[in-house]
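**Student:** Quick one: structure below, then a few questions.
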Amino acid sequence: MMSDLDFAADHFALFGLPRSQQLDSAALDLRFRQLQTEVHPDRHVQAGDAGQRLSMQWASRVNEAYQTLKNPLRRALYLLQLTGHDPQVENNTAMPADFLFRQMELRESVAEARRDGDEGVLEAARLQLVQEIAAVHRRLIELMDGEHEYVAASGLVRQLMFQEKLLGEIDDALEVVAS
């Protein structure tokens, strides 16, 4: 029942999950379906206008929490916020030189492959980047859940934002080249 839910609870508490970067996706998905069923406006048609509005607010709250928790980058940003650590994504652009150099190389390679219509180079770049991103996710779990090194995790989160943006650029290039 909606009255049993705490609107002010953090996303993890709302879903009955521990605050951690590593997450049981199946448990998250199951709890999401349960909560959506419980708070869906169609279940509260008889509750009147106020009850309907509350139900819609809950449905929105549950969906927002789910979207945050299911995405590893958004989850890491949220966890950092909960632990009082600002990753300074807006104003801290300091990155290791080798990382920035690698990003520039990849971007140039992607731009060239897009221009040349070279789907093979784009696919290879995508595969390599997906593997790098997976390694960053694993390291984030270690830093956040095991070592509680939130400053280091903040740096990785900023790097991950660069990598995910580049992955989107590669996907866009692949779409253009494939059509």
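We label chains A, B, ... in the order they appear in the structure tokens, count residues from 1 in each chain, and number ligands from 1 in the order shown.
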For the alpha helix (DSSP H) assignment from backbone DSSP, which residues of range 58-178 of chain A qualify? Please present them as a PyMOL selection string.
**Tutor:** chain A and resi 58-70+72-82+97-116+119-141+150-178
**Student:** Just the residues within 12 Å of Ser179 in chain A, please, counting only C-alpha atoms, with nothing from its chain fewer than 6 positions along; format it as JSON, numbers by chain.
**Tutor:** {"A": [114, 117, 119, 172, 173]}
**Student:** Grab the residues selected above and save them as an mmCIF file, in the first residue's frame with C-alpha atoms.
**Tutor:**
data_model
loop_
_atom_site.group_PDB
_atom_site.id
_atom_site.type_symbol
_atom_site.label_atom_id
_atom_site.label_comp_id
_atom_site.auth_asym_id
_atom_site.auth_seq_id
_atom_site.Cartn_x
_atom_site.Cartn_y
_atom_site.Cartn_z
ATOM 1 C CA ARG A 114 32.744 8.152 -39.993
ATOM 2 C CA GLY A 117 32.270 5.173 -43.950
ATOM 3 C CA GLU A 119 32.017 0.472 -40.261
ATOM 4 C CA ASP A 172 25.730 7.860 -33.962
ATOM 5 C CA ALA A 173 28.552 7.332 -36.475
#
**Student:** Would you list the contacts of range 72-79 of chain A as JSON, numbers by chain, taking every protein, DNA or RNA residue within 12 Å and counting only C-alpha atoms, but skipping same-chain residues closer than 5 positions in sequence?
**Tutor:** {"A": [10, 11, 12, 18, 19, 20, 21, 22, 23, 24, 25, 64, 65, 66, 67, 84, 85, 86, 87, 88, 89, 133, 134, 136, 137, 138, 139, 140, 141, 142, 143, 144, 145, 148, 150, 151, 153, 154, 155, 156, 157, 158, 159, 160, 161, 162, 163, 164, 165]}
**Student:** Could the residues in this selection be saved with N, CA and C atoms as a compact mmCIF listing (two decimals), in the first residue's frame?
**Tutor:**
# COMPACT_ATOMS: atom_id res chain seq x y z
N ASP A 10 15.66 7.46 0.40
CA ASP A 10 16.55 7.48 -0.77
C ASP A 10 16.16 6.34 -1.71
N HIS A 11 16.69 6.37 -2.91
CA HIS A 11 16.31 5.39 -3.94
C HIS A 11 16.57 3.96 -3.48
N PHE A 12 17.70 3.74 -2.82
CA PHE A 12 18.03 2.37 -2.38
C PHE A 12 17.02 1.88 -1.35
N PRO A 18 20.59 -2.48 -0.61
CA PRO A 18 21.69 -1.83 0.11
C PRO A 18 22.30 -0.71 -0.74
N ARG A 19 22.82 0.31 -0.07
CA ARG A 19 23.51 1.39 -0.76
C ARG A 19 24.85 0.87 -1.25
N SER A 20 24.91 0.51 -2.51
CA SER A 20 26.16 0.03 -3.07
C SER A 20 26.17 0.23 -4.57
N GLN A 21 27.38 0.30 -5.12
CA GLN A 21 27.52 0.46 -6.57
C GLN A 21 27.18 -0.85 -7.27
N GLN A 22 27.55 -1.97 -6.66
CA GLN A 22 27.18 -3.26 -7.23
C GLN A 22 25.74 -3.52 -6.86
N LEU A 23 24.96 -3.88 -7.84
CA LEU A 23 23.53 -4.00 -7.62
C LEU A 23 23.00 -5.27 -8.25
N ASP A 24 22.07 -5.89 -7.60
CA ASP A 24 21.39 -7.07 -8.13
C ASP A 24 20.30 -6.57 -9.08
N SER A 25 20.60 -6.61 -10.38
CA SER A 25 19.67 -6.07 -11.38
C SER A 25 18.32 -6.78 -11.36
N GLU A 64 11.72 7.48 -11.51
CA GLU A 64 12.97 8.24 -11.42
C GLU A 64 14.03 7.45 -10.64
N ALA A 65 13.64 6.88 -9.53
CA ALA A 65 14.57 6.10 -8.71
C ALA A 65 15.08 4.90 -9.50
N TYR A 66 14.20 4.24 -10.21
CA TYR A 66 14.59 3.07 -11.00
C TYR A 66 15.58 3.45 -12.09
N GLN A 67 15.28 4.53 -12.83
CA GLN A 67 16.18 4.98 -13.90
C GLN A 67 17.56 5.31 -13.35
N GLY A 84 27.97 12.34 0.49
CA GLY A 84 28.47 13.69 0.71
C GLY A 84 29.69 14.05 -0.12
N HIS A 85 29.91 13.34 -1.21
CA HIS A 85 31.06 13.61 -2.07
C HIS A 85 30.60 14.19 -3.40
N ASP A 86 31.05 15.37 -3.70
CA ASP A 86 30.71 16.03 -4.95
C ASP A 86 31.77 15.66 -5.99
N PRO A 87 31.38 14.96 -7.04
CA PRO A 87 32.37 14.58 -8.06
C PRO A 87 32.82 15.77 -8.93
N GLN A 88 32.22 16.93 -8.71
CA GLN A 88 32.59 18.17 -9.40
C GLN A 88 32.61 17.98 -10.92
N VAL A 89 31.57 17.37 -11.43
CA VAL A 89 31.51 17.11 -12.88
C VAL A 89 31.42 18.40 -13.69
N ILE A 133 34.88 0.66 -20.57
CA ILE A 133 33.81 1.13 -19.68
C ILE A 133 33.47 0.05 -18.65
N ALA A 134 33.41 -1.20 -19.09
CA ALA A 134 33.13 -2.31 -18.16
C ALA A 134 34.22 -2.39 -17.08
N VAL A 136 35.99 0.13 -15.97
CA VAL A 136 35.77 1.27 -15.07
C VAL A 136 34.63 0.95 -14.10
N HIS A 137 33.58 0.33 -14.58
CA HIS A 137 32.47 -0.06 -13.70
C HIS A 137 32.95 -1.01 -12.60
N ARG A 138 33.77 -1.98 -12.99
CA ARG A 138 34.30 -2.92 -11.99
C ARG A 138 35.16 -2.18 -10.96
N ARG A 139 35.98 -1.25 -11.43
CA ARG A 139 36.83 -0.49 -10.51
C ARG A 139 35.99 0.41 -9.60
N LEU A 140 34.92 0.98 -10.13
CA LEU A 140 34.03 1.80 -9.30
C LEU A 140 33.44 0.98 -8.16
N ILE A 141 33.06 -0.24 -8.46
CA ILE A 141 32.53 -1.12 -7.41
C ILE A 141 33.58 -1.33 -6.32
N GLU A 142 34.81 -1.59 -6.73
CA GLU A 142 35.89 -1.77 -5.75
C GLU A 142 36.08 -0.51 -4.92
N LEU A 143 36.19 0.63 -5.59
CA LEU A 143 36.45 1.89 -4.89
C LEU A 143 35.32 2.30 -3.95
N MET A 144 34.09 2.15 -4.43
CA MET A 144 32.96 2.64 -3.66
C MET A 144 32.49 1.65 -2.60
N ASP A 145 32.35 0.39 -2.99
CA ASP A 145 31.79 -0.60 -2.06
C ASP A 145 32.85 -1.19 -1.14
N HIS A 148 35.79 2.35 -0.11
CA HIS A 148 35.18 3.62 0.30
C HIS A 148 36.07 4.81 -0.04
N TYR A 150 35.98 7.56 -2.10
CA TYR A 150 35.03 8.35 -2.90
C TYR A 150 35.70 9.43 -3.74
N VAL A 151 36.82 9.95 -3.32
CA VAL A 151 37.53 10.95 -4.12
C VAL A 151 38.04 10.29 -5.41
N ALA A 153 36.86 7.57 -6.70
CA ALA A 153 35.66 7.19 -7.46
C ALA A 153 35.12 8.39 -8.23
N SER A 154 35.19 9.56 -7.64
CA SER A 154 34.73 10.78 -8.33
C SER A 154 35.50 11.01 -9.61
N GLY A 155 36.81 10.79 -9.56
CA GLY A 155 37.63 10.93 -10.76
C GLY A 155 37.23 9.94 -11.83
N LEU A 156 36.97 8.71 -11.42
CA LEU A 156 36.54 7.69 -12.39
C LEU A 156 35.17 8.02 -12.98
N VAL A 157 34.30 8.57 -12.16
CA VAL A 157 32.97 8.95 -12.66
C VAL A 157 33.11 10.02 -13.75
N ARG A 158 34.00 10.98 -13.53
CA ARG A 158 34.21 12.01 -14.56
C ARG A 158 34.77 11.39 -15.84
N GLN A 159 35.69 10.44 -15.69
CA GLN A 159 36.23 9.75 -16.87
C GLN A 159 35.13 8.97 -17.58
N LEU A 160 34.30 8.30 -16.80
CA LEU A 160 33.22 7.50 -17.36
C LEU A 160 32.25 8.38 -18.16
N MET A 161 32.04 9.59 -17.70
CA MET A 161 31.17 10.51 -18.44
C MET A 161 31.76 10.79 -19.82
N PHE A 162 33.07 11.00 -19.91
CA PHE A 162 33.75 11.20 -21.19
C PHE A 162 33.56 9.98 -22.07
N GLN A 163 33.80 8.80 -21.48
CA GLN A 163 33.73 7.56 -22.25
C GLN A 163 32.32 7.29 -22.77
N GLU A 164 31.32 7.52 -21.93
CA GLU A 164 29.95 7.27 -22.38
C GLU A 164 29.52 8.25 -23.47
N LYS A 165 30.02 9.49 -23.38
CA LYS A 165 29.73 10.46 -24.43
C LYS A 165 30.36 10.00 -25.75
**Student:** For CA of Glu38 in chain A and CA of Val62 in chain A, quote the distance in Å rounded to one decimal.
**Tutor:** 10.4 Å
**Student:** Within 12 Å of range 104-109 of chain A, which residues of range 120-165 of chain A come that close, and what is the closest atom pair and distance in Å for each? Count only C-alpha atoms and give it as a Markdown table.
**Tutor:**
| residue | atom | partner | partner_atom | distance |
| --- | --- | --- | --- | --- |
| A:Gly120 | CA | A:Ser109 | CA | 11.7 |
| A:Val121 | CA | A:Ser109 | CA | 8.0 |
| A:Leu122 | CA | A:Ser109 | CA | 8.3 |
| A:Glu123 | CA | A:Ser109 | CA | 11.6 |
| A:Ala124 | CA | A:Ser109 | CA | 10.7 |
| A:Ala125 | CA | A:Leu106 | CA | 7.3 |
| A:Arg126 | CA | A:Leu106 | CA | 9.7 |
| A:Gln128 | CA | A:Leu106 | CA | 10.0 |
| A:Leu129 | CA | A:Leu106 | CA | 9.0 |
| A:Phe162 | CA | A:Met104 | CA | 10.7 |
| A:Gln163 | CA | A:Leu106 | CA | 10.0 |
| A:Lys165 | CA | A:Arg107 | CA | 10.5 |
**Student:** What's the separation between CA of Gly16 in chain A and CA of Asp42 in chain A, in Å to one decimal place?
**Tutor:**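 The value is 23.9 Å.
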**Student:** To one decimal in Å, tell me the separation between CA of Ala27 in chain A and CA of Ala8 in chain A.
**Tutor:**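 Distance between the two atoms: 21.2 Å.
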